[in-house]
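K.L.:
Just dropping this structure here.
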Amino acid sequence: MRFKAKVLEPAEIERAMRRIAHEIIEKNKGVGDLALVGIHTRGIPLAERLADLIERFEGVRPPVGVLDITLYRDDLSEIGVQPKVRETRIPWDVTGRPVVLVDDVLFTGRTARAALDALVDLGRPKRVYFAVLVDRGHRELPIRADFVGKNLPTSMQEVVKVKLRETDGEEGVELWER
């Protein structure tokens with residue numbers, strides 16, 4: 001693969017996350033019983049960052065859960081005989097509360113669909129919002145994000161790489177070409 005461009009620097013990621021946190025608060029009319037759920041892998045630190053920001057702005061930190069969608073994927077047979085199943089940890093009832101699913105990149109919409117299926121297996125949320133750092137287009141399913149850090153039109157030959165200090169030891173969003 002060939003590096004094309006640095007799309008977001010660390011300061012730009014921070015700015016986008018602050019904006020998303022404010023938008024979540026506004027759309028939900030406060031924090032109330034709001035909860036955040038990060039989708040493995042990079043959705044988890046992004047959900048934690050949003051919870052920290054919401055606490056800074058509102059004085060209340062919403063709970064953060066962790067969601068593994070591996071067994072809900074529609075391409076499970078294609079990813080291997082022994083897919084790696086990780087932890088789902090949502091130690092509170094999702095029923096009747098607004099939940100924000102958080103991920104790093106929205107592409108085809110299949111991850112979001114799998115996350116919705118996994119979430120509703122745990123209960124019936126009052127409302128489900130979807131927050132992503134980058135929306136790169138090319139949807140295969142009728143799914144959209146409620147909160148987007150950056151819309152990034154891409155070609156199918158391009159790859160968006162999100163690097164977060166918590167998972168990768170560095171911070172930024174890059175565009176690569178196959």
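Residues are referred to by chain and number: the chain letter is A, B, ... according to the order shown in the structure tokens, the number counts from 1 in that chain, and ligands are numbered separately from 1 in the order shown.
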What residues in chain A get the DSSP label helix (DSSP H, G or I)? Please answer as a VMD selection string.

P.N.:
chain A and resid 10 to 28 43 to 58 70 to 72 76 to 78 110 to 120 165 to 168

K.L.:
With range 11-34 of chain A as the partner and 9 Å as the cut-off, tabulate the residues of range 106-174 of chain A that qualify, each row holding the nearest pair of atoms and their distance in Å to one decimal, using only C-alpha atoms, sorted by chain and rising number, as a tab-separated table.

P.N.:
residue	atom	partner	partner_atom	distance
A:Tyr129	CA	A:Ile24	CA	8.6
A:Ala131	CA	A:Ile20	CA	7.6
A:Val132	CA	A:Ile20	CA	8.8
A:Leu133	CA	A:Ala16	CA	7.5
A:Asp146	CA	A:Ile24	CA	8.8
A:Phe147	CA	A:Ile20	CA	5.9
A:Val148	CA	A:Ile20	CA	6.9
A:Gly149	CA	A:Ala16	CA	4.8
A:Lys150	CA	A:Ala16	CA	7.4
A:Glu171	CA	A:Ile13	CA	8.4
A:Gly172	CA	A:Ile13	CA	7.3
A:Val173	CA	A:Ile13	CA	8.3

K.L.:
Give me a file of those residues, with N, CA, C and O atoms, as a CSV table (one decimal), in the first residue's frame.

P.N.:
chain,number,residue,atom,x,y,z
A,129,TYR,N,-28.2,6.1,18.8
A,129,TYR,CA,-27.5,7.0,18.0
A,129,TYR,C,-26.2,6.3,17.5
A,129,TYR,O,-25.8,5.4,18.1
A,131,ALA,N,-22.2,7.3,16.3
A,131,ALA,CA,-21.2,8.3,16.2
A,131,ALA,C,-19.9,7.7,15.7
A,131,ALA,O,-19.5,6.6,16.1
A,132,VAL,N,-19.3,8.4,14.7
A,132,VAL,CA,-18.1,7.9,14.1
A,132,VAL,C,-17.1,9.0,13.9
A,132,VAL,O,-17.5,10.2,13.7
A,133,LEU,N,-15.8,8.7,14.0
A,133,LEU,CA,-14.8,9.7,13.7
A,133,LEU,C,-14.8,10.1,12.2
A,133,LEU,O,-14.7,11.2,11.9
A,146,ASP,N,-25.3,9.5,13.1
A,146,ASP,CA,-25.9,10.7,13.6
A,146,ASP,C,-24.9,11.8,13.9
A,146,ASP,O,-25.2,13.0,13.9
A,147,PHE,N,-23.7,11.4,14.3
A,147,PHE,CA,-22.6,12.3,14.7
A,147,PHE,C,-21.3,11.8,13.9
A,147,PHE,O,-20.9,10.7,14.0
A,148,VAL,N,-20.7,12.8,13.2
A,148,VAL,CA,-19.6,12.5,12.3
A,148,VAL,C,-18.5,13.5,12.6
A,148,VAL,O,-18.7,14.7,12.5
A,149,GLY,N,-17.3,13.0,12.8
A,149,GLY,CA,-16.1,13.9,13.0
A,149,GLY,C,-15.7,14.5,11.7
A,149,GLY,O,-15.4,15.7,11.6
A,150,LYS,N,-15.5,13.6,10.7
A,150,LYS,CA,-15.1,14.1,9.3
A,150,LYS,C,-15.7,13.2,8.3
A,150,LYS,O,-15.6,12.0,8.3
A,171,GLU,N,-1.3,9.0,17.1
A,171,GLU,CA,-2.6,9.6,16.8
A,171,GLU,C,-2.7,10.2,15.5
A,171,GLU,O,-1.8,10.9,15.0
A,172,GLY,N,-3.7,9.9,14.7
A,172,GLY,CA,-4.0,10.5,13.4
A,172,GLY,C,-4.8,9.6,12.5
A,172,GLY,O,-5.1,8.5,12.9
A,173,VAL,N,-5.3,10.2,11.5
A,173,VAL,CA,-6.1,9.5,10.5
A,173,VAL,C,-5.4,9.7,9.1
A,173,VAL,O,-5.0,10.8,8.8

K.L.:
Could you tell me which of A:Ala114, A:Val60, A:Val37, A:Ala47 comes closest to Asp75 in chain A if we count only C-alpha atoms?

P.N.:
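When distances to Asp75 in chain A are compared using only C-alpha atoms, the smallest one comes from A:Ala114.
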
K.L.:
Name the residues of range 40-167 of chain A that fall into strand (DSSP E) according to DSSP on the backbone, using the chain letters and numbers of this document, as a PyMOL selection string.

P.N.:
chain A and resi 64-67+98-106+127-135+147-151+158-163

K.L.:
Rank A:Arg56, A:His138, A:Lys84, A:Arg127 by their smallest atom-to-atom distance to Leu36 in chain A, using only C-alpha atoms, and report the top residue only.

P.N.:
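Going through A:Arg56, A:His138, A:Lys84, A:Arg127 one by one, the smallest distance to Leu36 in chain A is for A:Arg127.
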
K.L.:
Quote the spacing between CA of Val128 in chain A and CA of Pro98 in chain A in Å to one decimal place.

P.N.:
5.9 Å
